[in-house]
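Shown next: coords-v7.txt, containing compact mmCIF, C-alpha atoms.
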```txt
# COMPACT_ATOMS: atom_id res chain seq x y z
CA MET Z 1 14.10 -53.44 -20.17
CA GLU Z 2 10.47 -54.48 -19.88
CA ILE Z 3 9.82 -56.96 -17.18
CA ILE Z 4 6.61 -58.92 -17.33
CA GLY Z 5 5.23 -62.24 -16.19
CA ASP Z 6 7.75 -64.70 -14.89
CA ASP Z 7 10.40 -61.97 -14.85
CA LYS Z 8 8.42 -60.16 -12.18
CA LYS Z 9 8.35 -63.31 -10.11
CA LEU Z 10 12.04 -63.81 -10.59
CA ARG Z 11 12.65 -60.23 -9.59
CA ALA Z 12 10.54 -60.77 -6.50
CA LEU Z 13 12.60 -63.81 -5.58
CA TYR Z 14 15.82 -61.93 -6.15
CA SER Z 15 14.54 -59.00 -4.16
CA GLU Z 16 13.73 -61.28 -1.26
CA ALA Z 17 17.21 -62.77 -1.45
CA LYS Z 18 18.68 -59.29 -1.53
CA HIS Z 19 16.89 -58.30 1.65
CA ALA Z 20 18.14 -61.45 3.33
CA ASP Z 21 21.69 -60.70 2.20
CA GLU Z 22 21.53 -57.12 3.41
CA ALA Z 23 20.84 -58.40 6.88
CA THR Z 24 24.07 -60.38 6.82
CA THR Z 25 26.20 -57.75 5.08
CA PRO Z 26 29.22 -56.78 7.17
CA SER Z 27 29.58 -53.07 7.83
CA PHE Z 28 31.58 -51.12 5.31
CA ALA Z 29 33.75 -49.59 8.03
CA SER Z 30 34.91 -52.95 9.35
CA VAL Z 31 35.82 -54.30 5.91
CA TRP Z 32 37.49 -51.04 4.92
CA HIS Z 33 39.54 -50.81 8.11
CA ARG Z 34 40.70 -54.40 7.77
CA ALA Z 35 41.77 -53.68 4.21
CA GLN Z 36 43.60 -50.56 5.39
CA ALA Z 37 45.33 -52.56 8.11
CA ARG Z 38 46.40 -55.11 5.52
CA SER Z 39 47.76 -52.36 3.29
CA LEU Z 40 49.72 -50.81 6.16
CA LYS Z 41 51.09 -54.12 7.33
CA PRO Z 42 54.61 -54.53 5.96
CA ARG Z 43 54.81 -57.25 3.44
CA ARG Z 44 57.14 -60.11 4.16
CA ALA Z 45 60.15 -59.21 2.15
CA PHE Z 46 61.75 -62.59 2.62
CA SER Z 47 60.14 -65.43 0.78
CA LEU Z 48 61.61 -68.79 1.68
CA SER Z 49 60.81 -70.45 -1.62
CA PHE Z 50 62.19 -67.51 -3.56
CA ALA Z 51 65.35 -67.54 -1.46
CA VAL Z 52 65.84 -71.28 -1.96
CA VAL Z 53 65.36 -71.03 -5.71
CA THR Z 54 67.75 -68.07 -5.93
CA ALA Z 55 70.37 -69.85 -3.83
CA LEU Z 56 70.13 -72.96 -6.00
CA LEU Z 57 70.45 -70.88 -9.12
CA LEU Z 58 73.48 -69.04 -7.80
CA LEU Z 59 75.08 -72.26 -6.67
CA THR Z 60 74.59 -73.83 -10.07
CA LEU Z 61 75.99 -70.80 -11.86
CA GLY Z 62 78.95 -70.64 -9.49
CA SER Z 63 79.82 -74.29 -9.88
CA LEU Z 64 79.51 -73.95 -13.65
CA ALA Z 65 81.87 -70.99 -13.62
CA VAL Z 66 84.39 -72.81 -11.43
CA TRP Z 67 84.18 -75.93 -13.55
CA SER Z 68 84.70 -74.02 -16.76
CA MET Z 69 87.67 -72.19 -15.21
CA TYR Z 70 89.49 -75.33 -14.06
CA SER Z 71 88.41 -77.79 -16.69
CA PRO Z 72 91.46 -79.55 -18.34
CA ARG Z 73 90.00 -79.04 -21.79
CA ARG Z 74 90.11 -75.30 -21.41
CA ASN Z 75 93.67 -75.47 -20.12
CA GLU Z 76 94.72 -77.42 -23.16
CA GLN Z 77 93.06 -74.90 -25.41
CA GLN Z 78 94.77 -72.11 -23.51
CA ALA Z 79 98.12 -73.84 -23.89
CA VAL Z 80 97.60 -74.26 -27.62
CA LYS Z 81 96.60 -70.65 -27.90
CA ASN Z 82 99.70 -69.54 -26.06
CA ASP Z 83 101.93 -71.70 -28.21
CA SER Z 84 100.50 -70.30 -31.41
CA ALA Z 85 100.57 -66.72 -30.14
CA PRO Z 86 102.64 -64.18 -32.19
CA GLY Z 87 104.97 -63.48 -29.27
CA ALA Z 88 105.65 -67.14 -28.74
CA VAL Z 89 108.78 -69.14 -29.65
CA PRO Z 90 109.45 -68.94 -33.40
CA PRO Z 91 109.19 -72.13 -35.46
CA VAL Z 92 112.94 -71.99 -36.40
CA ASN Z 93 113.84 -73.68 -33.15
CA SER Z 94 111.41 -76.48 -33.35
CA PRO Z 95 113.13 -78.77 -35.91
CA GLU Z 96 116.45 -78.41 -34.18
CA GLN Z 97 114.95 -79.15 -30.85
CA SER Z 98 113.49 -82.28 -32.28
CA LYS Z 99 116.93 -83.59 -33.29
CA PRO Z 100 118.49 -85.34 -30.33
CA ASP Z 101 122.13 -84.89 -31.39
CA GLU Z 102 121.92 -81.29 -32.41
CA GLY Z 103 119.90 -80.33 -29.38
CA VAL Z 104 123.01 -80.43 -27.21
CA THR Z 105 124.56 -77.28 -28.54
CA VAL Z 106 121.28 -75.51 -29.08
CA ALA Z 107 120.39 -76.22 -25.53
CA GLN Z 108 123.63 -74.60 -24.45
CA LYS Z 109 122.70 -71.38 -26.21
CA THR Z 110 118.99 -71.26 -25.49
CA PRO Z 111 117.71 -73.24 -22.58
CA PRO Z 112 114.65 -75.21 -23.64
CA ALA Z 113 111.34 -74.50 -21.95
CA PRO Z 114 110.49 -76.98 -19.20
CA VAL Z 115 108.29 -79.79 -20.45
CA GLU Z 116 104.87 -79.42 -18.87
CA THR Z 117 102.28 -82.08 -18.83
CA PRO Z 118 98.73 -80.74 -18.64
CA VAL Z 119 97.77 -83.18 -15.93
CA HIS Z 120 100.39 -82.07 -13.42
CA ARG Z 121 100.03 -78.37 -14.02
CA THR Z 122 99.23 -76.26 -11.05
CA VAL Z 123 96.92 -73.29 -11.12
CA LYS Z 124 99.50 -70.55 -10.61
CA PRO Z 125 101.82 -71.32 -13.53
CA ARG Z 126 98.76 -71.57 -15.75
CA VAL Z 127 97.60 -68.15 -14.76
CA ARG Z 128 101.04 -66.66 -15.21
CA ARG Z 129 101.73 -68.52 -18.41
CA PRO Z 130 100.68 -65.81 -20.87
CA THR Z 131 102.96 -63.22 -19.29
CA THR Z 132 105.96 -65.55 -18.98
CA THR Z 133 105.53 -66.80 -22.50
CA GLN Z 134 105.32 -63.27 -23.75
CA SER Z 135 108.51 -62.25 -21.98
CA ASP Z 136 110.31 -65.34 -23.25
CA GLY Z 137 109.07 -64.61 -26.70
CA GLN Z 138 110.30 -61.04 -26.51
CA LEU Z 139 113.73 -62.21 -25.34
CA LEU Z 140 113.93 -64.77 -28.10
CA ALA Z 141 112.89 -62.22 -30.67
CA ALA Z 142 115.71 -59.95 -29.52
CA ASN Z 143 118.28 -62.78 -29.83
CA GLN Z 144 116.96 -64.08 -33.14
CA PRO Z 145 119.60 -62.62 -35.62
CA ALA Z 146 122.54 -63.94 -33.57
CA LYS Z 147 120.94 -67.35 -33.38
CA GLU Z 148 120.35 -67.47 -37.13
CA THR Z 149 124.01 -66.83 -37.88
CA THR Z 150 125.19 -69.51 -35.52
CA ILE Z 151 122.82 -72.00 -37.07
CA ASP Z 152 124.21 -71.23 -40.55
CA THR Z 153 127.78 -71.92 -39.46
CA TRP Z 154 126.96 -74.71 -37.13
CA GLN Z 155 128.45 -78.17 -37.72
CA SER Z 156 127.79 -81.37 -36.05
CA PRO Z 157 130.54 -82.45 -33.61
CA THR Z 158 130.55 -85.91 -35.15
CA ALA Z 159 130.91 -84.64 -38.74
CA ALA Z 160 134.73 -85.16 -38.56
CA LEU Z 161 134.20 -88.87 -37.97
CA LEU Z 162 132.42 -89.19 -41.27
CA SER Z 163 135.35 -87.79 -43.35
CA SER Z 164 137.98 -90.21 -44.82
CA PRO Z 165 141.12 -89.91 -47.14
CA THR Z 166 139.27 -91.49 -50.05
CA ASP Z 167 136.58 -88.87 -50.06
CA GLY Z 168 138.12 -87.38 -53.23
CA LEU Z 169 137.57 -90.57 -55.17
CA PHE Z 170 133.87 -90.36 -54.71
CA LYS Z 171 133.69 -86.73 -55.50
CA SER Z 172 135.00 -87.13 -59.12
CA VAL Z 173 133.47 -89.47 -61.67
CA PRO Z 174 135.55 -91.15 -64.53
CA GLN Z 175 134.49 -90.37 -68.08
CA LEU Z 176 133.80 -93.01 -70.71
CA ASN Z 177 136.16 -93.39 -73.75
CA GLU Z 178 139.19 -92.17 -71.79
CA ASN Z 179 142.58 -93.95 -71.92
CA ALA Z 180 144.42 -95.01 -68.84
CA ASN Z 181 146.77 -92.06 -68.87
CA GLU Z 182 143.99 -89.69 -69.06
CA MET Z 183 142.31 -91.59 -66.32
CA LYS Z 184 145.30 -90.99 -64.05
CA SER Z 185 143.70 -88.19 -62.41
CA VAL Z 186 140.80 -90.39 -61.54
CA LEU Z 187 142.69 -93.50 -60.47
CA PRO Z 188 144.34 -93.65 -57.09
CA GLY Z 189 147.91 -92.48 -56.91
CA ARG Z 190 149.31 -95.84 -55.80
CA SER Z 191 148.20 -97.76 -58.93
CA ASN Z 192 149.55 -94.99 -61.17
CA ASP Z 193 152.95 -95.34 -59.53
CA LYS Z 194 153.08 -99.10 -60.27
CA GLU Z 195 152.46 -98.56 -63.98
CA LYS Z 196 155.33 -96.10 -64.12
CA MET T 197 51.97 -47.64 -5.29
CA THR T 198 49.19 -45.84 -3.35
CA ILE T 199 46.51 -43.37 -4.34
CA ASP T 200 46.27 -39.78 -3.20
CA PRO T 201 44.46 -39.55 0.21
CA MET T 202 41.96 -37.01 -1.17
CA GLU T 203 41.19 -39.34 -4.03
CA ILE T 204 40.72 -42.18 -1.57
CA ALA T 205 38.34 -40.14 0.59
CA ASP T 206 36.10 -39.43 -2.39
CA PHE T 207 36.31 -42.99 -3.49
CA LYS T 208 35.52 -44.28 -0.05
CA ALA T 209 32.18 -42.49 0.00
CA GLU T 210 31.26 -44.00 -3.33
CA LEU T 211 32.33 -47.45 -2.21
CA GLU T 212 30.30 -47.14 0.96
CA ARG T 213 27.25 -46.30 -1.09
CA LEU T 214 27.78 -49.40 -3.20
CA HIS T 215 28.91 -51.63 -0.34
CA SER T 216 25.69 -53.57 0.07
CA ALA T 217 25.35 -54.27 -3.64
CA SER T 218 29.02 -55.16 -3.80
CA PHE T 219 28.63 -57.68 -1.03
CA GLY T 220 25.61 -59.23 -2.78
CA TRP T 221 27.63 -59.55 -5.97
CA ALA T 222 30.61 -60.95 -4.06
CA LEU T 223 28.27 -63.50 -2.48
CA SER T 224 27.10 -64.57 -5.91
CA CYS T 225 30.67 -64.83 -7.17
CA CYS T 226 31.69 -66.86 -4.11
CA ARG T 227 28.89 -69.40 -4.39
CA ARG T 228 26.99 -67.77 -1.49
CA ASP T 229 29.87 -68.20 0.93
CA ALA T 230 29.62 -65.14 3.19
CA THR T 231 33.07 -65.49 4.73
CA GLU T 232 34.73 -65.83 1.36
CA ALA T 233 32.65 -62.95 -0.03
CA GLU T 234 33.78 -60.71 2.81
CA GLU T 235 37.39 -61.68 2.23
CA VAL T 236 37.06 -60.98 -1.47
CA LEU T 237 35.54 -57.57 -0.79
CA GLN T 238 38.36 -56.80 1.62
CA THR T 239 40.91 -57.76 -1.03
CA VAL T 240 39.14 -55.54 -3.54
CA TYR T 241 39.31 -52.57 -1.16
CA LEU T 242 42.97 -53.38 -0.57
CA LYS T 243 43.60 -53.36 -4.30
CA ILE T 244 41.96 -49.95 -4.52
CA LEU T 245 43.97 -48.63 -1.58
CA GLU T 246 47.24 -49.85 -3.05
CA GLY T 247 46.34 -48.51 -6.47
CA LYS T 248 46.41 -51.92 -8.09
CA ALA T 249 42.82 -51.42 -9.22
CA ARG T 250 42.25 -47.99 -10.70
CA PHE T 251 39.02 -46.53 -11.95
CA ARG T 252 39.69 -44.67 -15.20
CA GLY T 253 36.13 -43.61 -15.91
CA GLU T 254 35.79 -45.86 -18.94
CA SER T 255 32.55 -47.25 -17.52
CA SER T 256 30.33 -46.52 -14.54
CA LEU T 257 31.88 -46.99 -11.12
CA LYS T 258 29.43 -49.75 -10.30
CA THR T 259 30.25 -51.88 -13.34
CA TRP T 260 33.98 -51.30 -12.82
CA LEU T 261 33.76 -52.29 -9.15
CA PHE T 262 31.71 -55.37 -9.97
CA ALA T 263 34.22 -56.41 -12.62
CA VAL T 264 37.03 -56.08 -10.06
CA ILE T 265 35.03 -58.11 -7.55
CA ARG T 266 34.38 -60.82 -10.13
CA LYS T 267 38.04 -61.08 -11.07
CA THR T 268 39.20 -61.07 -7.47
CA ALA T 269 36.69 -63.76 -6.54
CA ALA T 270 37.87 -65.95 -9.40
CA THR T 271 41.50 -65.47 -8.35
CA GLU T 272 40.73 -66.19 -4.72
CA TYR T 273 38.77 -69.29 -5.67
CA ARG T 274 41.65 -70.62 -7.74
CA ARG T 275 44.04 -69.89 -4.91
CA ARG T 276 41.88 -71.66 -2.39
CA LEU T 277 41.45 -74.61 -4.69
CA LEU T 278 45.18 -74.87 -5.22
CA ARG T 279 45.86 -74.57 -1.51
CA SER T 280 43.32 -77.22 -0.66
CA PHE T 281 44.83 -79.57 -3.24
CA ARG T 282 48.28 -78.86 -1.94
CA LEU T 283 47.34 -79.52 1.62
CA ALA T 284 45.56 -82.68 0.53
CA ALA T 285 42.52 -81.52 2.37
CA GLY T 286 40.58 -83.27 -0.30
CA THR T 287 37.50 -82.24 -2.13
CA GLU T 288 35.36 -82.38 0.97
CA GLU T 289 36.37 -78.92 2.04
CA ILE T 290 35.73 -77.55 -1.43
CA GLU T 291 32.36 -79.22 -1.58
CA ASP T 292 31.56 -77.70 1.78
CA ARG T 293 32.33 -74.31 0.40
CA ILE T 294 30.41 -74.86 -2.79
CA SER T 295 27.21 -76.06 -1.16
CA PRO T 296 25.52 -72.81 -0.25
CA PHE T 297 23.07 -73.57 2.51
CA ASP T 298 24.56 -76.29 4.59
CA ASN T 299 24.16 -74.31 7.72
CA GLN T 300 20.88 -75.60 9.14
CA THR T 301 20.04 -72.44 11.04
CA GLU T 302 20.46 -70.41 7.88
CA ILE T 303 18.13 -72.78 6.08
CA PHE T 304 15.47 -72.36 8.73
CA GLU T 305 15.86 -68.63 8.68
CA ARG T 306 15.07 -68.50 5.02
CA SER T 307 11.68 -69.12 3.60
CA GLU T 308 10.97 -72.35 1.85
CA ALA T 309 10.63 -70.55 -1.46
CA GLN T 310 14.00 -68.93 -0.97
CA THR T 311 15.60 -72.25 -0.20
CA HIS T 312 14.16 -73.74 -3.38
CA PHE T 313 15.23 -70.67 -5.29
CA ALA T 314 18.77 -70.96 -3.97
CA GLY T 315 18.79 -74.62 -4.94
CA ALA T 316 17.63 -73.77 -8.46
CA LEU T 317 20.28 -71.07 -8.76
CA LYS T 318 22.90 -73.57 -7.71
CA GLU T 319 22.02 -75.75 -10.68
CA LEU T 320 22.67 -72.92 -13.13
CA PRO T 321 25.97 -72.55 -14.94
CA LYS T 322 28.15 -69.76 -13.59
CA ARG T 323 27.72 -67.36 -16.50
CA GLN T 324 23.95 -67.72 -16.53
CA ARG T 325 23.78 -67.24 -12.79
CA GLU T 326 25.91 -64.13 -13.09
CA ALA T 327 23.78 -62.65 -15.87
CA LEU T 328 20.57 -63.21 -13.95
CA HIS T 329 22.05 -61.83 -10.74
CA LEU T 330 23.31 -58.67 -12.40
CA VAL T 331 19.98 -57.99 -14.09
CA PHE T 332 17.53 -58.98 -11.37
CA TYR T 333 19.50 -58.45 -8.18
CA GLU T 334 21.68 -55.49 -9.09
CA ASP T 335 19.27 -53.83 -11.51
CA LEU T 336 21.85 -53.52 -14.26
CA SER T 337 21.02 -53.42 -17.94
CA LEU T 338 22.24 -56.23 -20.20
CA ARG T 339 24.92 -53.91 -21.58
CA GLU T 340 26.23 -53.20 -18.09
CA ALA T 341 26.03 -56.89 -17.20
CA ALA T 342 28.06 -57.70 -20.30
CA GLU T 343 30.68 -55.14 -19.22
CA VAL T 344 30.92 -56.66 -15.78
CA MET T 345 31.15 -60.19 -17.15
CA GLY T 346 33.66 -59.18 -19.76
CA VAL T 347 31.62 -60.57 -22.65
CA SER T 348 29.75 -59.10 -25.61
CA ILE T 349 26.20 -57.94 -25.16
CA GLY T 350 24.99 -60.74 -27.45
CA SER T 351 26.71 -63.31 -25.32
CA ALA T 352 25.32 -61.75 -22.15
CA ARG T 353 21.81 -61.85 -23.65
CA GLN T 354 22.27 -65.54 -24.48
CA HIS T 355 23.35 -66.30 -20.93
CA TYR T 356 20.46 -64.30 -19.58
CA GLU T 357 17.83 -66.00 -21.73
CA ARG T 358 19.18 -69.50 -21.21
CA GLY T 359 19.59 -68.86 -17.51
CA LYS T 360 16.02 -67.69 -17.18
CA LYS T 361 14.72 -70.73 -19.02
CA LYS T 362 16.77 -73.12 -16.97
CA LEU T 363 15.85 -71.41 -13.72
CA ARG T 364 12.17 -71.62 -14.60
CA GLU T 365 12.50 -75.31 -15.36
CA SER T 366 14.33 -75.94 -12.12
CA LEU T 367 11.74 -74.07 -10.12
CA THR T 368 8.96 -76.02 -11.79
CA ARG T 369 10.71 -79.26 -11.02
CA LEU T 370 11.18 -78.25 -7.43
CA GLU T 371 7.42 -77.71 -7.24
CA MET T 372 7.45 -74.27 -5.87
CA GLY T 373 3.88 -73.78 -6.87
CA TYR T 374 4.79 -71.59 -9.77
CA GLY T 375 5.03 -74.48 -12.24
CA ASN T 376 1.78 -73.84 -14.13
CA ASN T 377 2.23 -70.11 -14.19
CA TRP T 378 5.75 -70.22 -15.67
CA GLY T 379 4.52 -71.91 -18.86
CA ARG T 380 1.49 -69.68 -19.40
CA GLN T 381 3.20 -66.35 -18.90
CA GLU T 382 6.25 -67.02 -21.01
CA THR T 383 6.99 -64.24 -23.41
CA SER T 384 9.82 -63.54 -25.82
CA SER T 385 9.77 -59.78 -25.26
CA ALA T 386 11.04 -60.07 -21.70
CA VAL T 387 14.31 -58.32 -22.47
```

The structure given in the file should be rewritten as structure tokens.
Amino acid sequence: MEIIGDDKKLRALYSEAKHADEATTPSFASVWHRAQARSLKPRRAFSLSFAVVTALLLLTLGSLAVWSMYSPRRNEQQAVKNDSAPGAVPPVNSPEQSKPDEGVTVAQKTPPAPVETPVHRTVKPRVRRPTTTQSDGQLLAANQPAKETTIDTWQSPTAALLSSPTDGLFKSVPQLNENANEMKSVLPGRSNDKEK
Amino acid sequence: MTIDPMEIADFKAELERLHSASFGWALSCCRRDATEAEEVLQTVYLKILEGKARFRGESSLKTWLFAVIRKTAATEYRRRLLRSFRLAAGTEEIEDRISPFDNQTEIFERSEAQTHFAGALKELPKRQREALHLVFYEDLSLREAAEVMGVSIGSARQHYERGKKKLRESLTRLEMGYGNNWGRQETSSAV
């Protein structure tokens, strides 16, 4: 780089400044030793701001986890899931349980599950629910053939009240173009006797 | 992570050789604030000791060291600025740091020409001031100056030329006595 004219003057000014700076330059040893001391000094491992941020984060995550664990929505979902599980109570029972009259005898054979409202549920039964439901389901599955037979032969206790002596009249229908004699079988016995 | 002690010993000798030039460059990067320049240099040595700044031989040691000093000074300046804003110390403190020769005794110690020169330098944009400092003060070539500044050689040349022109104008305005000479001796083949 060729330096001529004003560059020389600039260089002279810079050179003068450099000499002035050299007079104020701290010794290398002092700067180096201070840097060494800084490097040897143990760094503060605990940062307050970092700790606060971490604590807040953990607290938020924890509360979120707790909330999601005990939220009623999740419990309802869990209950639905348990009800629709393969080991759960088979759907054969459900229509009979819905009938108030028939439920008496069914209830004698298989005790109905206690009615649980989601609001009043406690934590423990909820946690145990899958296992208890499974065991109930297994028991019910074992008793299923016996139950099916009883249902086939089952009759309502009030069915006898519905039967009457004239039931036969309604079970046979008179034919058109039949004379009275032929209609004997259809007509009640008392009227037939009078004609005789 | 730390460097091998043998490596450090060799490095230390080289750093000691360049210490004066490094301090001059740190002064330029820290707007002529000696205390800040010393702190920056100390941080640079710390970075070297901890292995955060490693010389890989991709350039000369001097240009590498100057680049580290420049980066460290910029980081320290930002940090100070942020701290001063945070503490609501106001801009007064920053202005105090920026103004280079507020200390009256220092002003008297320097020659009048030097004071004017420092004032003219202060008016220059940072990049131009850096380019001129690296070429005239540190005796680096434009290529080396570009390496230190982290710009292309063309960009460094631009900064250098513009800086020179602006400095000449400032010096003329400040009536240093060179005013007439600057215009007559201007040449395009300076670089």

Using only C-alpha atoms, find each residue in chain Z having at least one atom no more than 10 Å away from chain T; report its shortest atom-to-atom pair and that distance in Å (one decimal), rows by chain then rising number, as JSON lines.
```
{"residue": "Z:Met1", "atom": "CA", "partner": "T:Val387", "partner_atom": "CA", "distance": 5.4}
{"residue": "Z:Glu2", "atom": "CA", "partner": "T:Ala386", "partner_atom": "CA", "distance": 5.9}
{"residue": "Z:Ile3", "atom": "CA", "partner": "T:Ala386", "partner_atom": "CA", "distance": 5.6}
{"residue": "Z:Ile4", "atom": "CA", "partner": "T:Ala386", "partner_atom": "CA", "distance": 6.3}
{"residue": "Z:Gly5", "atom": "CA", "partner": "T:Gln381", "partner_atom": "CA", "distance": 5.3}
{"residue": "Z:Asp6", "atom": "CA", "partner": "T:Trp378", "partner_atom": "CA", "distance": 5.9}
{"residue": "Z:Asp7", "atom": "CA", "partner": "T:Ala386", "partner_atom": "CA", "distance": 7.1}
{"residue": "Z:Lys8", "atom": "CA", "partner": "T:Phe332", "partner_atom": "CA", "distance": 9.2}
{"residue": "Z:Lys9", "atom": "CA", "partner": "T:Tyr374", "partner_atom": "CA", "distance": 9.0}
{"residue": "Z:Leu10", "atom": "CA", "partner": "T:Phe332", "partner_atom": "CA", "distance": 7.4}
{"residue": "Z:Arg11", "atom": "CA", "partner": "T:Phe332", "partner_atom": "CA", "distance": 5.3}
{"residue": "Z:Ala12", "atom": "CA", "partner": "T:Phe332", "partner_atom": "CA", "distance": 8.7}
{"residue": "Z:Leu13", "atom": "CA", "partner": "T:Gln310", "partner_atom": "CA", "distance": 7.0}
{"residue": "Z:Tyr14", "atom": "CA", "partner": "T:Tyr333", "partner_atom": "CA", "distance": 5.5}
{"residue": "Z:Ser15", "atom": "CA", "partner": "T:Tyr333", "partner_atom": "CA", "distance": 6.4}
{"residue": "Z:Glu16", "atom": "CA", "partner": "T:Gln310", "partner_atom": "CA", "distance": 7.7}
{"residue": "Z:Ala17", "atom": "CA", "partner": "T:Gln310", "partner_atom": "CA", "distance": 7.0}
{"residue": "Z:Lys18", "atom": "CA", "partner": "T:Tyr333", "partner_atom": "CA", "distance": 6.8}
{"residue": "Z:His19", "atom": "CA", "partner": "T:Gly220", "partner_atom": "CA", "distance": 9.8}
{"residue": "Z:Ala20", "atom": "CA", "partner": "T:Arg306", "partner_atom": "CA", "distance": 7.9}
{"residue": "Z:Asp21", "atom": "CA", "partner": "T:Gly220", "partner_atom": "CA", "distance": 6.5}
{"residue": "Z:Glu22", "atom": "CA", "partner": "T:Ser216", "partner_atom": "CA", "distance": 6.4}
{"residue": "Z:Ala23", "atom": "CA", "partner": "T:Ser216", "partner_atom": "CA", "distance": 9.7}
{"residue": "Z:Thr24", "atom": "CA", "partner": "T:Ala230", "partner_atom": "CA", "distance": 8.2}
{"residue": "Z:Thr25", "atom": "CA", "partner": "T:Ser216", "partner_atom": "CA", "distance": 6.5}
{"residue": "Z:Pro26", "atom": "CA", "partner": "T:Glu234", "partner_atom": "CA", "distance": 7.4}
{"residue": "Z:Ser27", "atom": "CA", "partner": "T:His215", "partner_atom": "CA", "distance": 8.3}
{"residue": "Z:Phe28", "atom": "CA", "partner": "T:Glu212", "partner_atom": "CA", "distance": 6.0}
{"residue": "Z:Ala29", "atom": "CA", "partner": "T:Glu212", "partner_atom": "CA", "distance": 8.2}
{"residue": "Z:Ser30", "atom": "CA", "partner": "T:Gln238", "partner_atom": "CA", "distance": 9.3}
{"residue": "Z:Val31", "atom": "CA", "partner": "T:Gln238", "partner_atom": "CA", "distance": 5.6}
{"residue": "Z:Trp32", "atom": "CA", "partner": "T:Tyr241", "partner_atom": "CA", "distance": 6.5}
{"residue": "Z:His33", "atom": "CA", "partner": "T:Gln238", "partner_atom": "CA", "distance": 8.9}
{"residue": "Z:Arg34", "atom": "CA", "partner": "T:Gln238", "partner_atom": "CA", "distance": 7.0}
{"residue": "Z:Ala35", "atom": "CA", "partner": "T:Leu242", "partner_atom": "CA", "distance": 4.9}
{"residue": "Z:Gln36", "atom": "CA", "partner": "T:Leu242", "partner_atom": "CA", "distance": 6.6}
{"residue": "Z:Ala37", "atom": "CA", "partner": "T:Leu242", "partner_atom": "CA", "distance": 9.0}
{"residue": "Z:Arg38", "atom": "CA", "partner": "T:Leu242", "partner_atom": "CA", "distance": 7.2}
{"residue": "Z:Ser39", "atom": "CA", "partner": "T:Leu242", "partner_atom": "CA", "distance": 6.2}
{"residue": "Z:Leu40", "atom": "CA", "partner": "T:Glu246", "partner_atom": "CA", "distance": 9.6}
```

For CA of Ile204 in chain T and CA of Tyr273 in chain T, quote the distance in Å rounded to one decimal.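 These two atoms are separated by 27.5 Å.
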
Nearest candidate to Val236 in chain T (options T:Glu254, T:Glu272, T:Asp206, T:Glu340; using all atoms listed in the file): T:Glu272

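The interatomic distance for the pair CA of Glu210 in chain T and CA of Arg266 in chain T works out to 18.4 Å.
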
Could you pull the residues within 10 Å of Leu257 in chain T, counting all atoms listed in the file, minus those fewer than 4 positions along the same chain, as a list in words? Phe207, Glu210, Leu211, Leu214, Phe251, Arg252, Gly253, Leu261, Phe262 and Ala263 of chain T

Distance CA of Arg325 in chain T-CA of Gly359 in chain T, one decimal place?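 CA of Gly359 in chain T lies at a distance of 6.5 Å from CA of Arg325 in chain T.
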
In terms of the shortest atom-to-atom distance over only C-alpha atoms, which of T:Leu330, T:Leu370, T:Ala249, T:Cys226 is closest to Ala342 in chain T? T:Leu330

Best match for closeness to Ser351 in chain T among T:Ser366, T:Gln324, T:Ser280, T:Thr268, counting all atoms listed in the file: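 The shortest atom-to-atom distance to Ser351 in chain T comes from T:Gln324.
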
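Counting only C-alpha atoms and comparing T:Thr271, T:Cys225, T:Arg276, T:Glu343, the residue that lies closest to Pro321 in chain T is T:Cys225.
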
Taking N, CA and C atoms as the atom set, what does range 263-272 of chain T look like once completed, written as a tab-separated table (two decimals), in the frame of the given file?
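The resulting result.tsv:
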```tsv
chain	number	residue	atom	x	y	z
T	263	ALA	N	33.25	-55.65	-11.81
T	263	ALA	CA	34.22	-56.41	-12.62
T	263	ALA	C	35.44	-56.77	-11.78
T	264	VAL	N	35.87	-55.82	-10.95
T	264	VAL	CA	37.03	-56.08	-10.06
T	264	VAL	C	36.67	-57.18	-9.06
T	265	ILE	N	35.47	-57.10	-8.52
T	265	ILE	CA	35.03	-58.11	-7.55
T	265	ILE	C	35.00	-59.49	-8.20
T	266	ARG	N	34.49	-59.53	-9.41
T	266	ARG	CA	34.38	-60.82	-10.13
T	266	ARG	C	35.76	-61.42	-10.36
T	267	LYS	N	36.68	-60.59	-10.80
T	267	LYS	CA	38.04	-61.08	-11.07
T	267	LYS	C	38.72	-61.54	-9.79
T	268	THR	N	38.56	-60.74	-8.76
T	268	THR	CA	39.20	-61.07	-7.47
T	268	THR	C	38.63	-62.37	-6.91
T	269	ALA	N	37.33	-62.53	-7.04
T	269	ALA	CA	36.69	-63.76	-6.54
T	269	ALA	C	37.21	-64.97	-7.29
T	270	ALA	N	37.36	-64.83	-8.59
T	270	ALA	CA	37.87	-65.95	-9.40
T	270	ALA	C	39.30	-66.29	-8.99
T	271	THR	N	40.10	-65.25	-8.76
T	271	THR	CA	41.50	-65.47	-8.35
T	271	THR	C	41.55	-66.14	-6.98
T	272	GLU	N	40.75	-65.64	-6.08
T	272	GLU	CA	40.73	-66.19	-4.72
T	272	GLU	C	40.27	-67.64	-4.73
```
